[in-house]
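What's in data_24.pdb: PDB, C-alpha atoms
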ATOM      1  CA  ASP D   1     -56.351-121.758 -86.208
ATOM      2  CA  LEU D   2     -56.412-125.196 -84.584
ATOM      3  CA  GLY D   3     -52.781-126.041 -85.356
ATOM      4  CA  ARG D   4     -51.738-126.397 -81.731
ATOM      5  CA  LEU D   5     -54.641-128.626 -80.672
ATOM      6  CA  VAL D   6     -54.709-132.382 -80.269
ATOM      7  CA  LEU D   7     -58.219-133.651 -80.931
ATOM      8  CA  PHE D   8     -59.465-136.598 -78.859
ATOM      9  CA  GLY D   9     -62.616-138.337 -80.023
ATOM     10  CA  ARG D  10     -64.220-141.276 -78.292
ATOM     11  CA  SER D  11     -66.919-143.504 -79.800
ATOM     12  CA  LEU D  12     -69.388-141.189 -81.574
ATOM     13  CA  GLY D  13     -66.955-138.329 -80.941
ATOM     14  CA  CYS D  14     -64.439-140.046 -83.234
ATOM     15  CA  ALA D  15     -66.534-139.094 -86.253
ATOM     16  CA  VAL D  16     -66.700-135.494 -85.055
ATOM     17  CA  ALA D  17     -62.947-135.336 -84.359
ATOM     18  CA  ALA D  18     -62.147-136.941 -87.734
ATOM     19  CA  ASP D  19     -64.397-134.456 -89.533
ATOM     20  CA  LEU D  20     -62.834-131.484 -87.759
ATOM     21  CA  ALA D  21     -59.285-132.769 -88.353
ATOM     22  CA  SER D  22     -59.999-133.440 -92.039
ATOM     23  CA  LYS D  23     -60.891-129.755 -92.505
ATOM     24  CA  ASN D  24     -58.306-128.086 -90.240
ATOM     25  CA  ASP D  25     -54.641-128.275 -89.401
ATOM     26  CA  VAL D  26     -54.234-129.825 -85.970
ATOM     27  CA  GLN D  27     -51.210-131.092 -84.078
ATOM     28  CA  GLY D  28     -52.556-134.635 -83.635
ATOM     29  CA  VAL D  29     -55.667-136.786 -83.427
ATOM     30  CA  VAL D  30     -56.584-139.582 -81.009
ATOM     31  CA  LEU D  31     -59.565-141.796 -81.832
ATOM     32  CA  GLU D  32     -60.689-144.181 -79.097
ATOM     33  CA  SER D  33     -63.210-146.917 -79.866
ATOM     34  CA  PRO D  34     -64.062-145.647 -83.353
ATOM     35  CA  PHE D  35     -66.666-147.067 -85.707
ATOM     36  CA  THR D  36     -66.628-146.674 -89.477
ATOM     37  CA  SER D  37     -70.049-144.993 -89.881
ATOM     38  CA  ILE D  38     -73.537-144.906 -88.402
ATOM     39  CA  ARG D  39     -74.856-146.639 -91.524
ATOM     40  CA  ALA D  40     -72.400-149.503 -91.109
ATOM     41  CA  MET D  41     -73.352-149.759 -87.437
ATOM     42  CA  ALA D  42     -77.062-149.915 -88.355
ATOM     43  CA  LYS D  43     -76.425-152.658 -90.911
ATOM     44  CA  ARG D  44     -74.473-154.647 -88.353
ATOM     45  CA  ALA D  45     -77.014-154.154 -85.559
ATOM     46  CA  TYR D  46     -80.009-154.980 -87.758
ATOM     47  CA  PRO D  47     -78.809-157.441 -90.402
ATOM     48  CA  PHE D  48     -82.347-158.804 -90.701
ATOM     49  CA  LEU D  49     -83.557-155.443 -92.092
ATOM     50  CA  PRO D  50     -82.262-155.130 -95.651
ATOM     51  CA  GLY D  51     -81.711-151.529 -96.663
ATOM     52  CA  ILE D  52     -81.538-150.229 -93.077
ATOM     53  CA  GLY D  53     -78.371-148.300 -93.911
ATOM     54  CA  SER D  54     -80.146-146.238 -96.553
ATOM     55  CA  LEU D  55     -82.789-145.175 -94.004
ATOM     56  CA  VAL D  56     -80.226-143.651 -91.675
ATOM     57  CA  ARG D  57     -79.857-139.952 -92.471
ATOM     58  CA  THR D  58     -77.065-139.188 -90.027
ATOM     59  CA  ARG D  59     -73.775-140.406 -91.417
ATOM     60  CA  TYR D  60     -71.072-139.835 -88.822
ATOM     61  CA  ASP D  61     -68.747-141.371 -91.395
ATOM     62  CA  THR D  62     -65.344-141.671 -89.730
ATOM     63  CA  LEU D  63     -63.972-143.873 -92.503
ATOM     64  CA  SER D  64     -64.541-141.293 -95.240
ATOM     65  CA  LYS D  65     -62.792-138.561 -93.217
ATOM     66  CA  VAL D  66     -59.810-140.312 -91.681
ATOM     67  CA  GLY D  67     -57.876-140.579 -94.936
ATOM     68  CA  ARG D  68     -57.888-136.789 -95.247
ATOM     69  CA  ILE D  69     -56.341-136.122 -91.854
ATOM     70  CA  GLY D  70     -52.890-134.612 -92.306
ATOM     71  CA  ALA D  71     -51.853-134.865 -88.655
ATOM     72  CA  PRO D  72     -50.367-137.817 -86.766
ATOM     73  CA  LEU D  73     -53.133-140.171 -85.657
ATOM     74  CA  MET D  74     -53.544-142.717 -82.884
ATOM     75  CA  VAL D  75     -56.324-145.297 -82.633
ATOM     76  CA  LEU D  76     -57.054-147.016 -79.306
ATOM     77  CA  HIS D  77     -59.576-149.842 -79.195
ATOM     78  CA  GLY D  78     -60.631-152.610 -76.816
ATOM     79  CA  ASP D  79     -60.740-156.055 -78.396
ATOM     80  CA  ARG D  80     -63.979-156.919 -76.543
ATOM     81  CA  ASP D  81     -65.894-153.782 -77.506
ATOM     82  CA  ASP D  82     -69.556-154.732 -77.779
ATOM     83  CA  ILE D  83     -70.712-151.333 -79.047
ATOM     84  CA  ALA D  84     -68.141-150.124 -81.611
ATOM     85  CA  PRO D  85     -66.874-153.361 -83.175
ATOM     86  CA  PHE D  86     -63.141-153.940 -82.872
ATOM     87  CA  ASP D  87     -62.778-154.658 -86.596
ATOM     88  CA  MET D  88     -64.237-151.241 -87.399
ATOM     89  CA  GLY D  89     -61.446-149.629 -85.375
ATOM     90  CA  GLY D  90     -58.980-151.639 -87.452
ATOM     91  CA  ALA D  91     -60.617-150.439 -90.671
ATOM     92  CA  VAL D  92     -60.376-146.823 -89.495
ATOM     93  CA  PHE D  93     -56.694-147.321 -88.719
ATOM     94  CA  GLU D  94     -55.946-149.017 -92.051
ATOM     95  CA  THR D  95     -57.635-146.192 -93.974
ATOM     96  CA  ALA D  96     -55.702-143.465 -92.144
ATOM     97  CA  THR D  97     -52.582-142.009 -93.691
ATOM     98  CA  PRO D  98     -49.242-142.155 -91.855
ATOM     99  CA  PRO D  99     -47.960-141.245 -89.422
ATOM    100  CA  LYS D 100     -50.289-143.381 -87.367
ATOM    101  CA  ARG D 101     -50.236-145.675 -84.333
ATOM    102  CA  TYR D 102     -52.582-148.367 -83.116
ATOM    103  CA  HIS D 103     -53.004-149.595 -79.555
ATOM    104  CA  LYS D 104     -55.092-152.706 -78.956
ATOM    105  CA  ILE D 105     -56.445-152.919 -75.414
ATOM    106  CA  GLU D 106     -56.728-156.606 -74.584
ATOM    107  CA  GLY D 107     -59.865-157.514 -72.661
ATOM    108  CA  ALA D 108     -61.387-154.024 -72.806
ATOM    109  CA  GLY D 109     -64.948-153.333 -73.793
ATOM    110  CA  HIS D 110     -66.385-150.014 -74.878
ATOM    111  CA  ASN D 111     -66.503-148.172 -71.582
ATOM    112  CA  ASP D 112     -63.532-149.544 -69.682
ATOM    113  CA  THR D 113     -60.589-148.972 -72.017
ATOM    114  CA  TYR D 114     -58.522-146.864 -69.627
ATOM    115  CA  SER D 115     -59.215-148.995 -66.554
ATOM    116  CA  VAL D 116     -58.613-152.339 -68.285
ATOM    117  CA  GLY D 117     -55.722-150.910 -70.298
ATOM    118  CA  GLY D 118     -54.161-149.483 -67.141
ATOM    119  CA  ARG D 119     -50.575-148.337 -67.253
ATOM    120  CA  ALA D 120     -50.013-149.622 -70.829
ATOM    121  CA  TYR D 121     -52.948-147.484 -72.034
ATOM    122  CA  TYR D 122     -51.521-144.312 -70.508
ATOM    123  CA  GLU D 123     -47.977-145.106 -71.631
ATOM    124  CA  ALA D 124     -49.091-145.666 -75.244
ATOM    125  CA  LEU D 125     -51.077-142.428 -75.202
ATOM    126  CA  GLY D 126     -48.171-140.554 -73.581
ATOM    127  CA  LYS D 127     -45.659-141.851 -76.138
ATOM    128  CA  PHE D 128     -47.937-140.731 -78.950
ATOM    129  CA  LEU D 129     -48.372-137.255 -77.463
ATOM    130  CA  ASP D 130     -44.623-136.973 -76.824
ATOM    131  CA  SER D 131     -43.947-137.868 -80.476
ATOM    132  CA  LEU D 132     -46.001-134.981 -81.827
ATOM    133  CA  PRO D 133     -44.132-132.037 -83.278
ATOM    134  CA  ARG D 134     -44.056-129.117 -80.887
ATOM    135  CA  GLY D 135     -45.822-125.917 -81.814
ATOM    136  CA  ILE D 136     -44.024-122.627 -82.170
ATOM    137  CA  GLU D 137     -42.999-121.410 -78.740
ATOM    138  CA  GLU D 138     -44.198-117.945 -77.850
TER     139      GLU D 138
END

So that I can check it, write out the structure of this file as structure tokens.
Amino acid sequence: DLGRLVLFGRSLGCAVAADLASKNDVQGVVLESPFTSIRAMAKRAYPFLPGIGSLVRTRYDTLSKVGRIGAPLMVLHGDRDDIAPFDMGGAVFETATPPKRYHKIEGAGHNDTYSVGGRAYYEALGKFLDSLPRGIEE
């Protein structure tokens, strides 16, 4: 039973967290710097290779899983992310079912979200965690 866990996925880990949360009851899910899928990333990275997406066997398809998450969700993403495109984080958020929150980190890239985001990053994350329903006290 995962009902008392909050899953936190970052970058590639977002797909793993989304998959796990789509199959289990969890208390909440945080996705930081998510991408939609590995195939979409391959198409974006190699637009000059038609059909590249079909060659990629690993899916890591966050977008197909996020709509099946029944727990509250938060997406954090830097608007200067040069690895997981910012618009992909927006697509993940838009596909998710409520309740959900989005926190844009102005000026942050892929690996500096918490340092560039600073206090506002931690406050947004803290408010989300504080908003989660409490588990049954033992």

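Rounded to one decimal, atom CA of D:Val16 and atom CA of D:Val92 lie 13.7 Å from each other.
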
Open item on the list: Would you pick out the contacts of D:Ile83 at 9 Å or less, using all atoms listed in the file, so that residues sharing its chain but fewer than 2 positions from it are not included, and give the list as a list in words?
Closed with: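 My list of contacting residues is Ser11, Ser33, Phe35, Met41, Asp81, Pro85, Phe86, Gly109 and His110 of chain D.
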
- [ ] In Å, rounded to a single decimal, give me how far atom CA of D:Pro99 is from atom CA of D:Pro72.
- [x] 5.0 Å

Open item on the list: Please compute the atom CA of D:Arg39-atom CA of D:Val75 distance, one decimal, in Å.
Closed with: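 These atoms are spaced 20.6 Å apart.
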
- [ ] Point out the residue among D:Val30, D:Leu132, D:Ala17, D:Leu125 with the least atom-to-atom distance to D:Lys65, counting all atoms listed in the file.
- [x] D:Ala17

Task: Top pick for closest residue to D:Met88, considering D:Asp25, D:Asp19, D:Asp61, D:Asp130 and counting all atoms listed in the file - done: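 Of D:Asp25, D:Asp19, D:Asp61, D:Asp130, the one nearest D:Met88 is D:Asp61, counting all atoms listed in the file.
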
TODO: Name the residues, using the chain letters and numbers of the file, that sit within 9 Å of (-70.5, -140.0, -85.3) when counting only C-alpha atoms, and give them as a ChimeraX atom specification.
DONE: /D:11-17,34-38,58-62

- [ ] Using the chain letters and numbers from the file, give me the residues hit by the PyMOL selection byres ((chain D and resi 68) around 12), as a PyMOL selection string.
- [x] chain D and resi 18-25+62-67+69-73+92+95-98

Please determine an axis-aligned box that encloses all atoms of stretch 119-131 of chain D listed in the file, with 5 Å added on each side, and express its centre and edge lengths in Å to one decimal as AutoDock Vina command-line options.
--center_x -48.4 --center_y -143.3 --center_z -73.9 --size_x 19.0 --size_y 22.6 --size_z 23.2

Open item on the list: Please determine, counting all atoms listed in the file, which residue among D:Asp82, D:Gly9, D:Gly28, D:Gly107 has the shortest atom-to-atom distance to D:Phe128.
Closed with: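 When distances to D:Phe128 are compared using all atoms listed in the file, the smallest one comes from D:Gly28.
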
Open item on the list: For D:Ala120, find every residue with an atom within 12 Å (counting all atoms listed in the file), except residues of its own chain fewer than 3 positions away, and show them as a list in words.
Closed with: Leu76, His103, Lys104, Ile105, Glu106, Thr113, Tyr114, Ser115, Val116, Gly117, Glu123, Ala124, Leu125, Gly126 and Lys127 of chain D

Open item on the list: Calculated over all atoms listed in the file, which of the candidates D:Met74, D:Pro133, D:Ala45, D:Arg80 has the smallest distance to D:Lys100?
Closed with: D:Met74
